[in-house]
Amino acid sequence: PFNRYQTLDVVRAVAESGRDIALYTGNDDNIVMDLLAPFVFRSNGRIIERRIVGGLLGHWAIWTRKAVELLDECHRVVGAQAGIPPELLRRGVEVTDANAAVFDAANRFSGCTAGLHEVLRRQGLLEGTWCLDPQETLSRGQSEEIARVYAAYPHLNDDSFVREHLDSWLTR
């Protein structure tokens, strides 16, 4: 899904095959739009529509409860066929901004795993940001960027939910 042209080629091929296949996005840059936008093609005189219905996303490794709520909201909006609320489009931009910080887009994703670990560390789920590759660490300024998106978009994180359940999860 990062290559939108190839995404269109694949979705068109699926549509033209006549098969009903669940499509998932892997595009952390555009999660909300991928879940909301229909892919419409004309084939053999018919209009065929396909939608992305879920995702295999790095973003869903953190703030998971909020991610599930966002997925459910996108499904409700699509099902209602009443238009996309501007607030949901705005949240899509916010998710992309948060992902840029966590995945370290500014540094060509060099602190990607460490960024995820940093969020999990802040939630109390990990003790540190260590990675299998000791060279993979938070990039210079990445921690500050993560703090920025935490402050800018508190509604995207599920830290209160994690705090509420952390003791019971860690004692099982």
# chains A, B, ... in the order shown; residues from 1 in each chain; ligands from 1
$ closest_atom_pairs --of "region 140-172 of chain A" --to "region 82-104 of chain A" --cutoff "10 Å" --atoms "only C-alpha atoms" --output "Markdown table"
| residue | atom | partner | partner_atom | distance |
| --- | --- | --- | --- | --- |
| A:Arg140 | CA | A:Asp104 | CA | 9.7 |
| A:Gly141 | CA | A:Ala101 | CA | 9.4 |
| A:Gln142 | CA | A:Ala101 | CA | 6.4 |
| A:Ser143 | CA | A:Ala101 | CA | 8.2 |
| A:Glu144 | CA | A:Ala101 | CA | 8.7 |
| A:Glu145 | CA | A:Ala101 | CA | 5.3 |
| A:Ile146 | CA | A:Ala101 | CA | 5.4 |
| A:Ala147 | CA | A:Ala101 | CA | 8.9 |
| A:Arg148 | CA | A:Ala101 | CA | 8.5 |
| A:Val149 | CA | A:Ala98 | CA | 5.5 |
| A:Tyr150 | CA | A:Ala98 | CA | 8.0 |
| A:Ala152 | CA | A:Glu94 | CA | 8.7 |
| A:Tyr153 | CA | A:Glu94 | CA | 7.1 |
| A:His155 | CA | A:Arg91 | CA | 9.4 |
| A:Leu156 | CA | A:Val95 | CA | 7.5 |
| A:Asn157 | CA | A:Ala98 | CA | 9.9 |
$ residues_around --residues "region 34-40 of chain A" --least-positions-apart "3" --cutoff "9 Å" --atoms "only C-alpha atoms" --output "short mmCIF file (atom, residue, chain, number, x, y, z; two decimals) with C-alpha atoms, in the first residue's frame"
data_model
loop_
_atom_site.label_atom_id
_atom_site.label_comp_id
_atom_site.auth_asym_id
_atom_site.auth_seq_id
_atom_site.Cartn_x
_atom_site.Cartn_y
_atom_site.Cartn_z
CA PRO A 1 0.00 0.00 0.00
CA LEU A 8 -4.60 0.06 -7.43
CA VAL A 11 -7.24 -4.16 -5.94
CA ARG A 12 -8.31 -3.91 -9.59
CA ALA A 15 -12.13 -6.90 -8.33
CA TYR A 24 -5.98 -5.25 4.42
CA THR A 25 -3.81 -2.17 4.42
CA ASN A 27 0.06 1.62 4.97
CA ASN A 30 -2.76 6.59 5.38
CA ILE A 31 -4.69 4.18 7.62
CA ILE A 47 -19.19 -1.38 -11.70
CA ILE A 48 -17.19 -3.25 -9.09
CA GLU A 49 -16.42 -1.81 -5.67
CA ARG A 50 -13.91 -3.18 -3.19
CA ARG A 51 -12.85 -1.85 0.20
CA ILE A 52 -9.97 -2.33 2.54
CA VAL A 53 -11.53 -3.79 5.70
CA GLY A 54 -8.60 -4.07 8.11
CA GLY A 55 -4.90 -3.79 8.43
CA LEU A 71 -11.27 0.73 13.03
CA CYS A 74 -14.40 3.62 10.15
CA HIS A 75 -16.54 0.51 9.66
CA VAL A 77 -19.10 5.32 8.84
CA VAL A 78 -18.69 3.15 5.76
CA ILE A 84 -17.32 10.96 6.17
#
$ select_by_dssp --residues "region 51-144 of chain A" --states "strand (DSSP E or B)" --output "VMD selection string"
chain A and resid 52 to 55
$ atom_distance --atom1 "CA of Leu23 (chain A)" --atom2 "CA of Arg4 (chain A)"
14.2 Å
$ residues_around --residues "Phe2 (chain A)" --least-positions-apart "3" --cutoff "9 Å" --atoms "only C-alpha atoms" --output "list in words"
Tyr5, Gln6, Thr7, Gly26, Asn27, Asp28, Asp29 and Asn30 of chain A
$ write_last_selection --atoms "all heavy atoms" --output "PDB file, in the first residue's frame"
ATOM      1  N   TYR A   5       0.139   3.126  -6.767  1.00  0.00           N
ATOM      2  CA  TYR A   5      -0.112   2.598  -8.109  1.00  0.00           C
ATOM      3  C   TYR A   5      -0.211   1.075  -8.064  1.00  0.00           C
ATOM      4  O   TYR A   5      -1.097   0.476  -8.677  1.00  0.00           O
ATOM      5  CB  TYR A   5       0.993   3.037  -9.082  1.00  0.00           C
ATOM      6  CG  TYR A   5       1.115   4.534  -9.170  1.00  0.00           C
ATOM      7  CD1 TYR A   5       2.244   5.176  -8.687  1.00  0.00           C
ATOM      8  CD2 TYR A   5       0.099   5.311  -9.721  1.00  0.00           C
ATOM      9  CE1 TYR A   5       2.356   6.561  -8.749  1.00  0.00           C
ATOM     10  CE2 TYR A   5       0.204   6.689  -9.790  1.00  0.00           C
ATOM     11  CZ  TYR A   5       1.345   7.307  -9.303  1.00  0.00           C
ATOM     12  OH  TYR A   5       1.446   8.665  -9.361  1.00  0.00           O
ATOM     13  N   GLN A   6       0.686   0.438  -7.347  1.00  0.00           N
ATOM     14  CA  GLN A   6       0.631  -1.017  -7.226  1.00  0.00           C
ATOM     15  C   GLN A   6      -0.596  -1.452  -6.430  1.00  0.00           C
ATOM     16  O   GLN A   6      -1.191  -2.486  -6.721  1.00  0.00           O
ATOM     17  CB  GLN A   6       1.908  -1.552  -6.593  1.00  0.00           C
ATOM     18  CG  GLN A   6       3.095  -1.440  -7.509  1.00  0.00           C
ATOM     19  CD  GLN A   6       4.386  -1.874  -6.853  1.00  0.00           C
ATOM     20  OE1 GLN A   6       4.484  -2.020  -5.643  1.00  0.00           O
ATOM     21  NE2 GLN A   6       5.418  -2.073  -7.676  1.00  0.00           N
ATOM     22  N   THR A   7      -0.976  -0.650  -5.425  1.00  0.00           N
ATOM     23  CA  THR A   7      -2.196  -0.952  -4.676  1.00  0.00           C
ATOM     24  C   THR A   7      -3.388  -0.978  -5.611  1.00  0.00           C
ATOM     25  O   THR A   7      -4.205  -1.900  -5.573  1.00  0.00           O
ATOM     26  CB  THR A   7      -2.425   0.081  -3.555  1.00  0.00           C
ATOM     27  OG1 THR A   7      -1.329   0.027  -2.650  1.00  0.00           O
ATOM     28  CG2 THR A   7      -3.716  -0.176  -2.814  1.00  0.00           C
ATOM     29  N   GLY A  26      -1.457  -2.081   4.806  1.00  0.00           N
ATOM     30  CA  GLY A  26      -0.234  -2.108   5.583  1.00  0.00           C
ATOM     31  C   GLY A  26       0.378  -0.721   5.578  1.00  0.00           C
ATOM     32  O   GLY A  26       1.527  -0.532   5.925  1.00  0.00           O
ATOM     33  N   ASN A  27      -0.411   0.263   5.190  1.00  0.00           N
ATOM     34  CA  ASN A  27       0.065   1.622   4.975  1.00  0.00           C
ATOM     35  C   ASN A  27      -0.164   2.477   6.218  1.00  0.00           C
ATOM     36  O   ASN A  27      -1.217   3.082   6.376  1.00  0.00           O
ATOM     37  CB  ASN A  27      -0.665   2.222   3.767  1.00  0.00           C
ATOM     38  CG  ASN A  27      -0.149   3.583   3.406  1.00  0.00           C
ATOM     39  OD1 ASN A  27       0.701   4.135   4.075  1.00  0.00           O
ATOM     40  ND2 ASN A  27      -0.683   4.133   2.329  1.00  0.00           N
ATOM     41  N   ASP A  28       0.823   2.541   7.090  1.00  0.00           N
ATOM     42  CA  ASP A  28       0.704   3.348   8.297  1.00  0.00           C
ATOM     43  C   ASP A  28       0.635   4.841   7.995  1.00  0.00           C
ATOM     44  O   ASP A  28       0.291   5.633   8.875  1.00  0.00           O
ATOM     45  CB  ASP A  28       1.884   3.066   9.234  1.00  0.00           C
ATOM     46  CG  ASP A  28       1.750   1.720   9.918  1.00  0.00           C
ATOM     47  OD1 ASP A  28       0.893   1.606  10.807  1.00  0.00           O
ATOM     48  OD2 ASP A  28       2.486   0.786   9.557  1.00  0.00           O
ATOM     49  N   ASP A  29       0.944   5.250   6.780  1.00  0.00           N
ATOM     50  CA  ASP A  29       0.873   6.659   6.409  1.00  0.00           C
ATOM     51  C   ASP A  29      -0.546   7.123   6.112  1.00  0.00           C
ATOM     52  O   ASP A  29      -0.805   8.320   6.064  1.00  0.00           O
ATOM     53  CB  ASP A  29       1.713   6.927   5.148  1.00  0.00           C
ATOM     54  CG  ASP A  29       3.196   6.853   5.404  1.00  0.00           C
ATOM     55  OD1 ASP A  29       3.603   6.812   6.572  1.00  0.00           O
ATOM     56  OD2 ASP A  29       3.949   6.834   4.427  1.00  0.00           O
ATOM     57  N   ASN A  30      -1.452   6.193   5.889  1.00  0.00           N
ATOM     58  CA  ASN A  30      -2.762   6.587   5.383  1.00  0.00           C
ATOM     59  C   ASN A  30      -3.861   5.633   5.855  1.00  0.00           C
ATOM     60  O   ASN A  30      -4.759   5.291   5.094  1.00  0.00           O
ATOM     61  CB  ASN A  30      -2.701   6.616   3.848  1.00  0.00           C
ATOM     62  CG  ASN A  30      -3.703   7.558   3.253  1.00  0.00           C
ATOM     63  OD1 ASN A  30      -4.091   8.548   3.842  1.00  0.00           O
ATOM     64  ND2 ASN A  30      -4.147   7.242   2.053  1.00  0.00           N
TER      65      ASN A  30
END
$ closest_residue --among "A:Glu127, A:Glu69, A:Glu118, A:Asp133" --to "Asp158 (chain A)" --atoms "only C-alpha atoms"
A:Glu69
$ residues_around --residues "region 129-131 of chain A" --least-positions-apart "4" --cutoff "7 Å" --atoms "only C-alpha atoms" --output "list in words"
Ala114, His117, Glu118, Arg121 and Glu136 of chain A
$ atom_distance --atom1 "CA of Val32 (chain A)" --atom2 "CA of Pro154 (chain A)"
17.7 Å
$ atom_distance --atom1 "CA of Leu56 (chain A)" --atom2 "CA of Ser43 (chain A)"
28.5 Å
$ closest_atom_pairs --of "region 41-79 of chain A" --to "region 159-171 of chain A" --cutoff "12 Å" --atoms "only C-alpha atoms" --output "Markdown table"
| residue | atom | partner | partner_atom | distance |
| --- | --- | --- | --- | --- |
| A:Ile62 | CA | A:Asp159 | CA | 9.8 |
| A:Trp63 | CA | A:Asp159 | CA | 7.4 |
| A:Thr64 | CA | A:Val162 | CA | 9.8 |
| A:Arg65 | CA | A:Phe161 | CA | 7.9 |
| A:Lys66 | CA | A:Phe161 | CA | 9.5 |
